Amino acid sequence: MMEKGDNLIEYKIGTVDEIPEGSCKIVTISGKSIGVFNVNGEFFALRNTCPHQGAELCKGKIVGIHVCGESIDDIKLVREGEFIRCPWHGWEFDIKTGKSLIDPKKTYVRSYEVSVKPSCDEELQVETFPTRVQADVILVKV
Amino acid sequence: MSNTIIDCDVHPRPRSLEDLHVYLPKRWHNSHLLISRPFYIHPNHVLRLDAVTPDNGSPGSDPSFMREHLLDPYGISYAILLPLGYVNMHPNPYMASDLASAYNQWLVDVWLDGDNKDGRYKGSITVAPQNPKAAVEEIAKWADHPHMVQVMMDSGANTNYGHMQFYPIYEACEHYGLPIALHPTGEGLGICSPASSGYPTTYMEWSVGLTFSIQAHLVSFITEGVFERFPDLKLVLVEGGSAWLPSLMWRMDNAWKGLRDSVPWLTKRPSEYVKEHVRITSQPLETTDHPKHLLANLEMMDAKNIMMFASDYPHWDFDDPKRAFPKLPEDMKNRIFYENAKELYKLP
């Protein structure tokens, strides 16, 4: 972990190959359950608690959303993999912002800054075989 | 009580089958034998006994007597007339639409043009949902009549009214700036579904249950996105009760939060469509032993902006404009008894 100027701390939660595109890894950081998502190669982290009734939000399904295109009969599936649907009541949250689709201003889940850095830790390199490309590490700022 | 009242549910009736048959093609005369329900008949009297006309005619059959008996004593400025044509029960869509036409021509001849110099009688264009094409023609025929103010369909039906088969009707309503009103009566008759799982036994079960029919149509209008397709359309729910509206709006809003993806055409909460597009008439007002509960309910549904007074004259469950409501805040009273209907029907 590394201290940062904004009083938040960056926690290493794993390597990028542990969270393939379209998946989520739930981790516990200083007592908080947090879901870390890989959306098309970009990583995002959300508090694993639905603001509605407290379900473990990140255990929901990662989905796209249906919207109307040119007309009301032109139904399109868009932004596949960019939303998490709560495993209880099905409310949809934008993984990138934590905001709900139904009421983005008032209903949202806390999101955390995620960064990906090349691995330079001795401990991680020790176990790797020389032929394997070292996976980058994912850091979540909490 | 305000001197100015608009009564949004008043029922005119032909004096006899023959009076209507003047307007109905002969080929249907043998199949059209009733101007009332064949069953679910009221056990006592469905029409107020004191509303029989001076020449012993059926209550609601004489414009002049209705003026003396209802409009003048209560200071009612306008009566919105909804003839109950029992149109929807018929399996033959051609007969159904001809029957609707007959009611419209009768309404114009006897009421709107016949005895209406003061312009206080305003009419509803009856349409047969079994025949949307004819319904559109009927709307076009009467839309410009100075005293026709809305289109009406019986809420007794065999398809929920948000369904696409009815869109030509709503398109015509929107085009001519006429609200679409739903009024119960055909539930469980002929080809119309009952409003419940199977058929009610008694008139009481049938009439209490009419509220389910109106609610089902409202949910259908909302979930099918009718108000997104026809953004200027207004829907009037007549005689289906109203106290259920707050909880139904909550229920729809909650459902939408989790099911939005299946109705992507909805761009806002269901309750917002209700406030913008739906008006609900008051009779039969669901009164209780605790007036404060009723007042709270009116507040919850925003009755001040969406409710319109109705008496249901000359039916037995008439709501007296002076006695039906508990004391209301003045601005709410004026809107319910007059302003909401004046705005909706663009009355002078």
# chains A, B, ... in the order shown; residues from 1 in each chain; ligands from 1
call {"tool": "select_by_dssp", "arguments": {"residues": "chain A", "states": "strand (DSSP E or B)", "output": "short mmCIF file (atom, residue, chain, number, x, y, z; two decimals) with N, CA and C atoms, in the first residue's frame"}}
result
data_model
loop_
_atom_site.label_atom_id
_atom_site.label_comp_id
_atom_site.auth_asym_id
_atom_site.auth_seq_id
_atom_site.Cartn_x
_atom_site.Cartn_y
_atom_site.Cartn_z
N MET A 2 0.28 2.31 -0.56
CA MET A 2 1.05 3.57 -0.65
C MET A 2 0.20 4.73 -0.14
N GLU A 3 0.81 5.57 0.69
CA GLU A 3 0.10 6.77 1.19
C GLU A 3 -0.04 7.78 0.04
N ILE A 9 -5.73 5.84 0.54
CA ILE A 9 -4.60 4.92 0.43
C ILE A 9 -4.82 4.00 -0.76
N GLU A 10 -3.79 3.75 -1.52
CA GLU A 10 -3.91 2.81 -2.63
C GLU A 10 -3.60 1.40 -2.16
N TYR A 11 -4.52 0.53 -2.43
CA TYR A 11 -4.34 -0.88 -2.04
C TYR A 11 -4.17 -1.72 -3.27
N LYS A 12 -3.21 -2.58 -3.23
CA LYS A 12 -3.01 -3.52 -4.33
C LYS A 12 -3.99 -4.66 -4.11
N ILE A 13 -4.84 -4.92 -5.11
CA ILE A 13 -5.85 -5.96 -4.89
C ILE A 13 -5.64 -7.17 -5.78
N GLY A 14 -4.62 -7.11 -6.65
CA GLY A 14 -4.37 -8.28 -7.49
C GLY A 14 -3.77 -7.85 -8.81
N THR A 15 -3.75 -8.79 -9.72
CA THR A 15 -3.17 -8.51 -11.03
C THR A 15 -4.26 -8.51 -12.08
N CYS A 24 -15.86 -9.42 -12.48
CA CYS A 24 -15.72 -8.61 -11.28
C CYS A 24 -15.07 -9.45 -10.20
N LYS A 25 -14.16 -8.83 -9.44
CA LYS A 25 -13.58 -9.50 -8.28
C LYS A 25 -13.98 -8.72 -7.05
N ILE A 26 -14.52 -9.43 -6.08
CA ILE A 26 -14.92 -8.75 -4.84
C ILE A 26 -13.79 -8.90 -3.82
N VAL A 27 -13.35 -7.76 -3.29
CA VAL A 27 -12.25 -7.77 -2.33
C VAL A 27 -12.69 -7.00 -1.08
N THR A 28 -11.96 -7.24 0.01
CA THR A 28 -12.26 -6.49 1.23
C THR A 28 -11.07 -5.59 1.55
N ILE A 29 -11.33 -4.30 1.60
CA ILE A 29 -10.27 -3.34 1.89
C ILE A 29 -10.68 -2.52 3.12
N LYS A 32 -14.14 -2.83 4.11
CA LYS A 32 -15.18 -2.51 3.12
C LYS A 32 -15.14 -3.54 2.00
N SER A 33 -16.33 -4.04 1.68
CA SER A 33 -16.41 -4.96 0.54
C SER A 33 -16.53 -4.13 -0.74
N ILE A 34 -15.66 -4.40 -1.68
CA ILE A 34 -15.58 -3.58 -2.91
C ILE A 34 -15.48 -4.51 -4.12
N GLY A 35 -16.24 -4.18 -5.15
CA GLY A 35 -16.17 -4.96 -6.39
C GLY A 35 -15.28 -4.24 -7.39
N VAL A 36 -14.32 -4.97 -7.96
CA VAL A 36 -13.44 -4.38 -8.96
C VAL A 36 -13.78 -5.01 -10.32
N PHE A 37 -14.12 -4.15 -11.28
CA PHE A 37 -14.64 -4.61 -12.57
C PHE A 37 -13.65 -4.33 -13.69
N ASN A 38 -13.65 -5.21 -14.66
CA ASN A 38 -12.92 -4.96 -15.90
C ASN A 38 -13.94 -4.72 -17.01
N VAL A 39 -14.05 -3.44 -17.42
CA VAL A 39 -14.98 -3.10 -18.50
C VAL A 39 -14.15 -2.81 -19.76
N GLU A 42 -10.71 -1.63 -19.11
CA GLU A 42 -10.55 -0.57 -18.12
C GLU A 42 -11.09 -1.08 -16.79
N PHE A 43 -10.46 -0.64 -15.70
CA PHE A 43 -10.86 -1.15 -14.38
C PHE A 43 -11.60 -0.08 -13.58
N PHE A 44 -12.65 -0.54 -12.88
CA PHE A 44 -13.47 0.35 -12.05
C PHE A 44 -13.80 -0.38 -10.75
N ALA A 45 -14.04 0.39 -9.68
CA ALA A 45 -14.36 -0.24 -8.40
C ALA A 45 -15.59 0.42 -7.78
N LEU A 46 -16.49 -0.41 -7.28
CA LEU A 46 -17.72 0.08 -6.64
C LEU A 46 -17.88 -0.57 -5.27
N ARG A 47 -18.45 0.19 -4.35
CA ARG A 47 -18.81 -0.37 -3.05
C ARG A 47 -19.81 -1.51 -3.29
N LYS A 61 -25.60 -9.24 -12.06
CA LYS A 61 -25.16 -9.58 -13.41
C LYS A 61 -24.60 -8.33 -14.10
N ILE A 62 -23.51 -8.51 -14.85
CA ILE A 62 -22.95 -7.40 -15.62
C ILE A 62 -23.66 -7.40 -16.98
N VAL A 63 -24.27 -6.27 -17.31
CA VAL A 63 -25.18 -6.24 -18.46
C VAL A 63 -25.00 -4.99 -19.31
N GLY A 64 -25.69 -5.00 -20.45
CA GLY A 64 -25.87 -3.78 -21.23
C GLY A 64 -27.27 -3.27 -20.94
N ILE A 65 -27.66 -2.21 -21.62
CA ILE A 65 -29.01 -1.68 -21.40
C ILE A 65 -29.74 -1.54 -22.73
N HIS A 66 -31.07 -1.70 -22.65
CA HIS A 66 -31.90 -1.49 -23.83
C HIS A 66 -32.39 -0.05 -23.85
N VAL A 67 -32.26 0.56 -24.99
CA VAL A 67 -32.73 1.94 -25.16
C VAL A 67 -33.46 2.05 -26.50
N CYS A 68 -34.23 3.11 -26.66
CA CYS A 68 -34.88 3.37 -27.94
C CYS A 68 -33.95 4.19 -28.82
N ILE A 75 -35.56 -0.71 -30.76
CA ILE A 75 -34.97 -1.05 -29.46
C ILE A 75 -33.56 -1.58 -29.68
N LYS A 76 -32.62 -0.96 -29.00
CA LYS A 76 -31.22 -1.36 -29.17
C LYS A 76 -30.61 -1.76 -27.84
N LEU A 77 -29.74 -2.76 -27.91
CA LEU A 77 -28.95 -3.13 -26.74
C LEU A 77 -27.62 -2.38 -26.85
N VAL A 78 -27.33 -1.52 -25.90
CA VAL A 78 -26.11 -0.70 -25.99
C VAL A 78 -25.29 -0.84 -24.71
N ARG A 79 -24.05 -0.41 -24.81
CA ARG A 79 -23.13 -0.34 -23.66
C ARG A 79 -23.05 -1.67 -22.91
N GLU A 80 -22.92 -2.73 -23.69
CA GLU A 80 -22.83 -4.07 -23.07
C GLU A 80 -21.65 -4.14 -22.13
N GLY A 81 -21.89 -4.70 -20.98
CA GLY A 81 -20.80 -4.87 -20.00
C GLY A 81 -20.54 -3.65 -19.15
N GLU A 82 -21.34 -2.58 -19.33
CA GLU A 82 -21.05 -1.34 -18.59
C GLU A 82 -21.96 -1.12 -17.38
N PHE A 83 -22.90 -2.04 -17.16
CA PHE A 83 -23.82 -1.86 -16.04
C PHE A 83 -23.84 -3.09 -15.14
N ILE A 84 -24.03 -2.83 -13.85
CA ILE A 84 -24.22 -3.93 -12.91
C ILE A 84 -25.69 -3.89 -12.48
N ARG A 85 -26.35 -5.04 -12.57
CA ARG A 85 -27.77 -5.09 -12.18
C ARG A 85 -27.84 -5.77 -10.81
N GLU A 92 -30.28 -0.88 -12.05
CA GLU A 92 -29.06 -0.87 -12.87
C GLU A 92 -28.16 0.30 -12.48
N PHE A 93 -26.87 0.00 -12.32
CA PHE A 93 -25.89 1.03 -11.97
C PHE A 93 -24.78 1.04 -13.02
N ASP A 94 -24.39 2.24 -13.40
CA ASP A 94 -23.30 2.42 -14.34
C ASP A 94 -21.99 2.09 -13.62
N LYS A 99 -23.47 5.54 -10.72
CA LYS A 99 -24.80 6.16 -10.72
C LYS A 99 -25.87 5.21 -11.25
N SER A 100 -27.05 5.25 -10.61
CA SER A 100 -28.14 4.42 -11.10
C SER A 100 -28.71 5.03 -12.36
N TYR A 108 -27.06 6.35 -6.06
CA TYR A 108 -25.77 5.95 -6.63
C TYR A 108 -25.00 5.16 -5.59
N SER A 111 -18.06 4.99 -5.78
CA SER A 111 -17.06 4.40 -6.67
C SER A 111 -15.66 4.82 -6.20
N TYR A 112 -14.70 4.02 -6.54
CA TYR A 112 -13.32 4.26 -6.08
C TYR A 112 -12.39 4.33 -7.29
N GLU A 113 -11.34 5.12 -7.11
CA GLU A 113 -10.37 5.29 -8.18
C GLU A 113 -9.53 4.02 -8.31
N VAL A 114 -9.35 3.60 -9.55
CA VAL A 114 -8.54 2.40 -9.79
C VAL A 114 -7.40 2.77 -10.73
N SER A 115 -6.24 2.27 -10.47
CA SER A 115 -5.15 2.46 -11.42
C SER A 115 -4.44 1.13 -11.65
N VAL A 116 -3.78 1.05 -12.78
CA VAL A 116 -3.06 -0.16 -13.14
C VAL A 116 -1.59 0.23 -13.32
N LYS A 117 -0.73 -0.50 -12.62
CA LYS A 117 0.70 -0.16 -12.72
C LYS A 117 1.50 -1.41 -13.02
N VAL A 137 -0.34 -4.81 -11.91
CA VAL A 137 -1.14 -4.90 -10.69
C VAL A 137 -2.22 -3.83 -10.70
N ILE A 138 -3.30 -4.16 -10.01
CA ILE A 138 -4.43 -3.23 -9.92
C ILE A 138 -4.42 -2.60 -8.53
N LEU A 139 -4.52 -1.27 -8.50
CA LEU A 139 -4.53 -0.56 -7.23
C LEU A 139 -5.87 0.15 -7.07
N VAL A 140 -6.49 0.01 -5.91
CA VAL A 140 -7.76 0.69 -5.64
C VAL A 140 -7.51 1.68 -4.52
N LYS A 141 -7.95 2.93 -4.75
CA LYS A 141 -7.74 3.99 -3.76
C LYS A 141 -8.96 4.09 -2.86
#
call {"tool": "residues_around", "arguments": {"residues": "Ile35 in chain B", "least_positions_apart": "4", "cutoff": "12 Å", "atoms": "only C-alpha atoms", "output": "PyMOL selection string"}}
result
chain B and resi 12-21+31+58+83-87+89+99+103+185-186
call {"tool": "interface_residues", "arguments": {"of": "chain B", "to": "chain A", "cutoff": "12 Å", "atoms": "only C-alpha atoms", "output": "ChimeraX atom specification"}}
result
/B:164,224-230,253-270
call {"tool": "residues_around", "arguments": {"residues": "Val136 in chain B", "least_positions_apart": "5", "cutoff": "9 Å", "atoms": "only C-alpha atoms", "output": "list in words"}}
result
Val127, Asn131, Lys141, Pro168, Ile169, Tyr170, Glu171, Ala172 and Cys173 of chain B
call {"tool": "write_last_selection", "arguments": {"atoms": "N, CA and C atoms", "output": "mmCIF file, in the first residue's frame"}}
result
data_model
loop_
_atom_site.group_PDB
_atom_site.id
_atom_site.type_symbol
_atom_site.label_atom_id
_atom_site.label_comp_id
_atom_site.auth_asym_id
_atom_site.auth_seq_id
_atom_site.Cartn_x
_atom_site.Cartn_y
_atom_site.Cartn_z
ATOM 1 N N VAL B 127 -66.949 5.186 -29.415
ATOM 2 C CA VAL B 127 -66.327 4.375 -30.469
ATOM 3 C C VAL B 127 -66.288 2.915 -30.046
ATOM 4 N N ASN B 131 -63.468 -2.233 -33.778
ATOM 5 C CA ASN B 131 -63.325 -1.784 -35.158
ATOM 6 C C ASN B 131 -62.572 -0.448 -35.184
ATOM 7 N N LYS B 141 -65.485 12.330 -37.971
ATOM 8 C CA LYS B 141 -66.812 12.851 -38.305
ATOM 9 C C LYS B 141 -67.293 13.881 -37.283
ATOM 10 N N PRO B 168 -54.447 3.486 -33.677
ATOM 11 C CA PRO B 168 -55.100 4.429 -34.606
ATOM 12 C C PRO B 168 -56.142 5.308 -33.907
ATOM 13 N N ILE B 169 -56.808 4.740 -32.904
ATOM 14 C CA ILE B 169 -57.818 5.515 -32.161
ATOM 15 C C ILE B 169 -57.136 6.650 -31.385
ATOM 16 N N TYR B 170 -56.013 6.315 -30.740
ATOM 17 C CA TYR B 170 -55.332 7.346 -29.930
ATOM 18 C C TYR B 170 -54.673 8.392 -30.823
ATOM 19 N N GLU B 171 -54.224 7.928 -31.973
ATOM 20 C CA GLU B 171 -53.623 8.874 -32.921
ATOM 21 C C GLU B 171 -54.673 9.908 -33.350
ATOM 22 N N ALA B 172 -55.887 9.416 -33.599
ATOM 23 C CA ALA B 172 -56.969 10.331 -33.992
ATOM 24 C C ALA B 172 -57.332 11.257 -32.838
ATOM 25 N N CYS B 173 -57.403 10.717 -31.631
ATOM 26 C CA CYS B 173 -57.713 11.559 -30.458
ATOM 27 C C CYS B 173 -56.686 12.673 -30.327
#
call {"tool": "residues_around", "arguments": {"residues": "Asp320 in chain B", "least_positions_apart": "2", "cutoff": "12 Å", "atoms": "only C-alpha atoms", "output": "number ranges by chain"}}
result
B: 1, 5, 7, 70-71, 73-76, 282-285, 309-318, 322-326, 337
call {"tool": "closest_residue", "arguments": {"among": "A:Pro104, A:Gly98, A:Pro87, A:Pro118", "to": "Lys59 in chain A", "atoms": "only C-alpha atoms"}}
result
A:Pro87
call {"tool": "select_by_dssp", "arguments": {"residues": "range 71-127 of chain A", "states": "helix (DSSP H, G or I)", "output": "VMD selection string"}}
result
chain A and resid 122 to 126
call {"tool": "residues_around", "arguments": {"residues": "Asn305 in chain B", "least_positions_apart": "3", "cutoff": "12 Å", "atoms": "only C-alpha atoms", "output": "list in words"}}
result
Val274, Lys275, Glu276, His277, Val278, Arg279, Ile280, Thr281, Leu298, Glu299, Met300, Met301, Asp302, Met308, Phe309, Asp331, Met332, Lys333, Asn334, Arg335, Ile336, Phe337, Tyr338, Glu339, Asn340, Ala341, Lys342, Glu343 and Leu344 of chain B
call {"tool": "write_last_selection", "arguments": {"atoms": "N, CA and C atoms", "output": "mmCIF file, in the first residue's frame"}}
result
data_model
loop_
_atom_site.group_PDB
_atom_site.id
_atom_site.type_symbol
_atom_site.label_atom_id
_atom_site.label_comp_id
_atom_site.auth_asym_id
_atom_site.auth_seq_id
_atom_site.Cartn_x
_atom_site.Cartn_y
_atom_site.Cartn_z
ATOM 1 N N VAL B 274 -48.784 9.684 -15.211
ATOM 2 C CA VAL B 274 -50.136 9.839 -14.673
ATOM 3 C C VAL B 274 -50.424 11.319 -14.455
ATOM 4 N N LYS B 275 -49.505 11.995 -13.803
ATOM 5 C CA LYS B 275 -49.764 13.414 -13.485
ATOM 6 C C LYS B 275 -49.907 14.262 -14.750
ATOM 7 N N GLU B 276 -49.162 13.908 -15.759
ATOM 8 C CA GLU B 276 -49.170 14.700 -16.984
ATOM 9 C C GLU B 276 -50.345 14.368 -17.909
ATOM 10 N N HIS B 277 -50.725 13.100 -17.956
ATOM 11 C CA HIS B 277 -51.654 12.661 -19.007
ATOM 12 C C HIS B 277 -53.009 12.154 -18.520
ATOM 13 N N VAL B 278 -53.143 11.867 -17.229
ATOM 14 C CA VAL B 278 -54.349 11.180 -16.772
ATOM 15 C C VAL B 278 -55.183 12.096 -15.878
ATOM 16 N N ARG B 279 -56.483 12.076 -16.113
ATOM 17 C CA ARG B 279 -57.426 12.736 -15.214
ATOM 18 C C ARG B 279 -58.411 11.676 -14.737
ATOM 19 N N ILE B 280 -58.851 11.831 -13.496
ATOM 20 C CA ILE B 280 -59.688 10.791 -12.904
ATOM 21 C C ILE B 280 -60.927 11.455 -12.312
ATOM 22 N N THR B 281 -62.083 10.870 -12.549
ATOM 23 C CA THR B 281 -63.299 11.497 -12.022
ATOM 24 C C THR B 281 -63.587 10.968 -10.623
ATOM 25 N N LEU B 298 -56.374 12.115 -1.087
ATOM 26 C CA LEU B 298 -56.500 13.099 -2.174
ATOM 27 C C LEU B 298 -55.185 13.849 -2.363
ATOM 28 N N GLU B 299 -54.555 14.147 -1.254
ATOM 29 C CA GLU B 299 -53.253 14.826 -1.300
ATOM 30 C C GLU B 299 -52.215 13.924 -1.996
ATOM 31 N N MET B 300 -52.221 12.637 -1.635
ATOM 32 C CA MET B 300 -51.224 11.698 -2.175
ATOM 33 C C MET B 300 -51.363 11.513 -3.680
ATOM 34 N N MET B 301 -52.593 11.565 -4.180
ATOM 35 C CA MET B 301 -52.779 11.376 -5.635
ATOM 36 C C MET B 301 -52.684 12.702 -6.391
ATOM 37 N N ASP B 302 -52.482 13.793 -5.658
ATOM 38 C CA ASP B 302 -52.472 15.130 -6.262
ATOM 39 C C ASP B 302 -53.829 15.429 -6.911
ATOM 40 N N MET B 308 -61.454 15.251 -11.234
ATOM 41 C CA MET B 308 -62.546 16.080 -11.738
ATOM 42 C C MET B 308 -63.853 15.564 -11.125
ATOM 43 N N PHE B 309 -64.654 16.474 -10.643
ATOM 44 C CA PHE B 309 -65.909 16.055 -10.007
ATOM 45 C C PHE B 309 -66.840 15.366 -11.009
ATOM 46 N N ASP B 331 -58.676 26.014 -2.787
ATOM 47 C CA ASP B 331 -58.067 25.915 -4.125
ATOM 48 C C ASP B 331 -58.234 24.496 -4.685
ATOM 49 N N MET B 332 -58.142 23.490 -3.807
ATOM 50 C CA MET B 332 -58.348 22.112 -4.260
ATOM 51 C C MET B 332 -59.795 21.928 -4.728
ATOM 52 N N LYS B 333 -60.718 22.496 -3.971
ATOM 53 C CA LYS B 333 -62.134 22.367 -4.319
ATOM 54 C C LYS B 333 -62.409 22.982 -5.687
ATOM 55 N N ASN B 334 -61.898 24.169 -5.915
ATOM 56 C CA ASN B 334 -62.155 24.838 -7.197
ATOM 57 C C ASN B 334 -61.566 24.063 -8.367
ATOM 58 N N ARG B 335 -60.421 23.490 -8.148
ATOM 59 C CA ARG B 335 -59.805 22.741 -9.248
ATOM 60 C C ARG B 335 -60.575 21.448 -9.514
ATOM 61 N N ILE B 336 -60.943 20.731 -8.450
ATOM 62 C CA ILE B 336 -61.662 19.459 -8.634
ATOM 63 C C ILE B 336 -63.049 19.704 -9.237
ATOM 64 N N PHE B 337 -63.724 20.711 -8.754
ATOM 65 C CA PHE B 337 -65.107 20.918 -9.207
ATOM 66 C C PHE B 337 -65.210 21.679 -10.521
ATOM 67 N N TYR B 338 -64.125 22.373 -10.907
ATOM 68 C CA TYR B 338 -64.279 23.192 -12.108
ATOM 69 C C TYR B 338 -63.026 23.276 -12.980
ATOM 70 N N GLU B 339 -61.948 23.781 -12.425
ATOM 71 C CA GLU B 339 -60.809 24.184 -13.260
ATOM 72 C C GLU B 339 -60.166 23.028 -14.015
ATOM 73 N N ASN B 340 -60.029 21.880 -13.370
ATOM 74 C CA ASN B 340 -59.348 20.762 -14.059
ATOM 75 C C ASN B 340 -60.117 20.347 -15.313
ATOM 76 N N ALA B 341 -61.440 20.290 -15.197
ATOM 77 C CA ALA B 341 -62.255 19.906 -16.360
ATOM 78 C C ALA B 341 -62.299 21.024 -17.390
ATOM 79 N N LYS B 342 -62.363 22.249 -16.919
ATOM 80 C CA LYS B 342 -62.386 23.394 -17.850
ATOM 81 C C LYS B 342 -61.127 23.384 -18.714
ATOM 82 N N GLU B 343 -59.986 23.125 -18.077
ATOM 83 C CA GLU B 343 -58.732 23.090 -18.830
ATOM 84 C C GLU B 343 -58.681 21.887 -19.772
ATOM 85 N N LEU B 344 -59.054 20.721 -19.261
ATOM 86 C CA LEU B 344 -58.968 19.508 -20.082
ATOM 87 C C LEU B 344 -59.858 19.614 -21.306
#
call {"tool": "atom_distance", "arguments": {"atom1": "CA of Thr107 in chain A", "atom2": "CA of Gly22 in chain A"}}
result
23.5 Å
call {"tool": "atom_distance", "arguments": {"atom1": "CA of Gly188 in chain B", "atom2": "CA of Ile214 in chain B"}}
result
13.6 Å
call {"tool": "residues_around", "arguments": {"residues": "Pro63 in chain B", "least_positions_apart": "3", "cutoff": "10 Å", "atoms": "only C-alpha atoms", "output": "ChimeraX atom specification"}}
result
/B:12-13,53,60,66-69,110-112,114-116,121
call {"tool": "write_last_selection", "arguments": {"atoms": "all heavy atoms", "output": "compact mmCIF listing (two decimals), in the first residue's frame"}}
result
# COMPACT_ATOMS: atom_id res chain seq x y z
N PRO B 12 -76.94 10.27 -20.36
CA PRO B 12 -78.19 10.40 -21.10
C PRO B 12 -78.59 9.03 -21.65
O PRO B 12 -77.72 8.20 -21.93
CB PRO B 12 -77.81 11.35 -22.24
CG PRO B 12 -76.38 11.06 -22.51
CD PRO B 12 -75.77 10.57 -21.21
N ARG B 13 -79.87 8.80 -21.77
CA ARG B 13 -80.37 7.51 -22.28
C ARG B 13 -81.43 7.74 -23.34
O ARG B 13 -82.24 8.65 -23.21
CB ARG B 13 -81.07 6.74 -21.14
CG ARG B 13 -80.20 5.99 -20.20
CD ARG B 13 -81.06 5.49 -19.04
NE ARG B 13 -82.03 4.47 -19.45
CZ ARG B 13 -81.71 3.20 -19.59
NH1 ARG B 13 -80.50 2.77 -19.38
NH2 ARG B 13 -82.63 2.30 -19.96
N THR B 53 -88.76 11.10 -15.64
CA THR B 53 -89.17 12.38 -16.23
C THR B 53 -90.67 12.62 -16.02
O THR B 53 -91.42 11.67 -15.76
CB THR B 53 -88.85 12.41 -17.74
OG1 THR B 53 -89.63 11.40 -18.38
CG2 THR B 53 -87.38 12.13 -17.98
N GLY B 60 -82.81 10.33 -17.19
CA GLY B 60 -81.74 10.65 -18.13
C GLY B 60 -82.18 10.71 -19.58
O GLY B 60 -81.33 10.80 -20.46
N MET B 66 -83.49 17.19 -17.23
CA MET B 66 -82.18 17.07 -16.59
C MET B 66 -81.65 18.45 -16.18
O MET B 66 -81.03 18.62 -15.15
CB MET B 66 -81.18 16.35 -17.48
CG MET B 66 -79.91 15.97 -16.73
SD MET B 66 -78.61 15.30 -17.78
CE MET B 66 -79.16 13.62 -18.02
N ARG B 67 -81.97 19.43 -17.02
CA ARG B 67 -81.54 20.79 -16.69
C ARG B 67 -82.21 21.27 -15.40
O ARG B 67 -81.57 21.83 -14.53
CB ARG B 67 -81.88 21.72 -17.86
CG ARG B 67 -81.14 23.05 -17.84
CD ARG B 67 -81.46 23.91 -19.06
NE ARG B 67 -80.71 23.55 -20.24
CZ ARG B 67 -81.19 22.88 -21.28
NH1 ARG B 67 -82.45 22.50 -21.32
NH2 ARG B 67 -80.44 22.60 -22.32
N GLU B 68 -83.50 20.95 -15.30
CA GLU B 68 -84.26 21.36 -14.10
C GLU B 68 -83.88 20.57 -12.87
O GLU B 68 -83.91 21.06 -11.76
CB GLU B 68 -85.76 21.06 -14.32
CG GLU B 68 -86.52 22.06 -15.08
CD GLU B 68 -87.93 21.49 -15.39
OE1 GLU B 68 -88.50 20.80 -14.51
OE2 GLU B 68 -88.40 21.70 -16.52
N HIS B 69 -83.56 19.29 -13.10
CA HIS B 69 -83.38 18.38 -11.97
C HIS B 69 -81.94 18.32 -11.48
O HIS B 69 -81.70 18.10 -10.30
CB HIS B 69 -83.84 16.96 -12.40
CG HIS B 69 -84.11 16.04 -11.26
ND1 HIS B 69 -83.74 14.72 -11.26
CD2 HIS B 69 -84.73 16.25 -10.07
CE1 HIS B 69 -84.11 14.16 -10.13
NE2 HIS B 69 -84.72 15.06 -9.39
N VAL B 110 -80.58 14.70 -30.17
CA VAL B 110 -81.49 14.88 -29.03
C VAL B 110 -80.89 15.82 -27.99
O VAL B 110 -81.61 16.60 -27.36
CB VAL B 110 -81.83 13.52 -28.40
CG1 VAL B 110 -82.71 13.69 -27.16
CG2 VAL B 110 -82.52 12.61 -29.43
N TRP B 111 -79.59 15.78 -27.81
CA TRP B 111 -78.97 16.53 -26.71
C TRP B 111 -78.14 17.72 -27.20
O TRP B 111 -78.43 18.85 -26.87
CB TRP B 111 -78.09 15.59 -25.86
CG TRP B 111 -78.91 14.59 -25.11
CD1 TRP B 111 -79.45 13.44 -25.59
CD2 TRP B 111 -79.32 14.69 -23.73
NE1 TRP B 111 -80.17 12.80 -24.60
CE2 TRP B 111 -80.10 13.54 -23.45
CE3 TRP B 111 -79.11 15.62 -22.72
CZ2 TRP B 111 -80.65 13.31 -22.20
CZ3 TRP B 111 -79.65 15.39 -21.46
CH2 TRP B 111 -80.43 14.25 -21.21
N LEU B 112 -77.09 17.44 -27.97
CA LEU B 112 -76.11 18.51 -28.24
C LEU B 112 -76.65 19.57 -29.18
O LEU B 112 -76.35 20.76 -29.04
CB LEU B 112 -74.82 17.90 -28.82
CG LEU B 112 -74.16 16.82 -27.95
CD1 LEU B 112 -72.85 16.35 -28.57
CD2 LEU B 112 -73.94 17.30 -26.52
N GLY B 114 -80.11 19.30 -30.07
CA GLY B 114 -81.57 19.26 -29.89
C GLY B 114 -82.06 20.21 -28.83
O GLY B 114 -83.03 20.93 -29.03
N ASP B 115 -81.42 20.21 -27.67
CA ASP B 115 -81.91 21.03 -26.57
C ASP B 115 -80.70 21.53 -25.79
O ASP B 115 -80.40 21.08 -24.71
CB ASP B 115 -82.83 20.19 -25.66
CG ASP B 115 -83.44 21.02 -24.54
OD1 ASP B 115 -83.04 22.20 -24.39
OD2 ASP B 115 -84.30 20.50 -23.81
N ASN B 116 -79.97 22.45 -26.42
CA ASN B 116 -78.68 22.81 -25.84
C ASN B 116 -78.31 24.25 -26.20
O ASN B 116 -77.16 24.55 -26.45
CB ASN B 116 -77.61 21.83 -26.38
CG ASN B 116 -76.34 21.85 -25.55
OD1 ASN B 116 -76.35 22.21 -24.38
ND2 ASN B 116 -75.25 21.43 -26.17
N TYR B 121 -74.59 21.17 -22.30
CA TYR B 121 -74.37 19.74 -22.52
C TYR B 121 -73.20 19.54 -23.47
O TYR B 121 -73.18 20.08 -24.59
CB TYR B 121 -75.62 19.09 -23.12
CG TYR B 121 -76.77 19.01 -22.14
CD1 TYR B 121 -78.04 19.50 -22.48
CD2 TYR B 121 -76.60 18.44 -20.89
CE1 TYR B 121 -79.10 19.43 -21.58
CE2 TYR B 121 -77.65 18.38 -19.98
CZ TYR B 121 -78.89 18.87 -20.32
OH TYR B 121 -79.92 18.80 -19.44
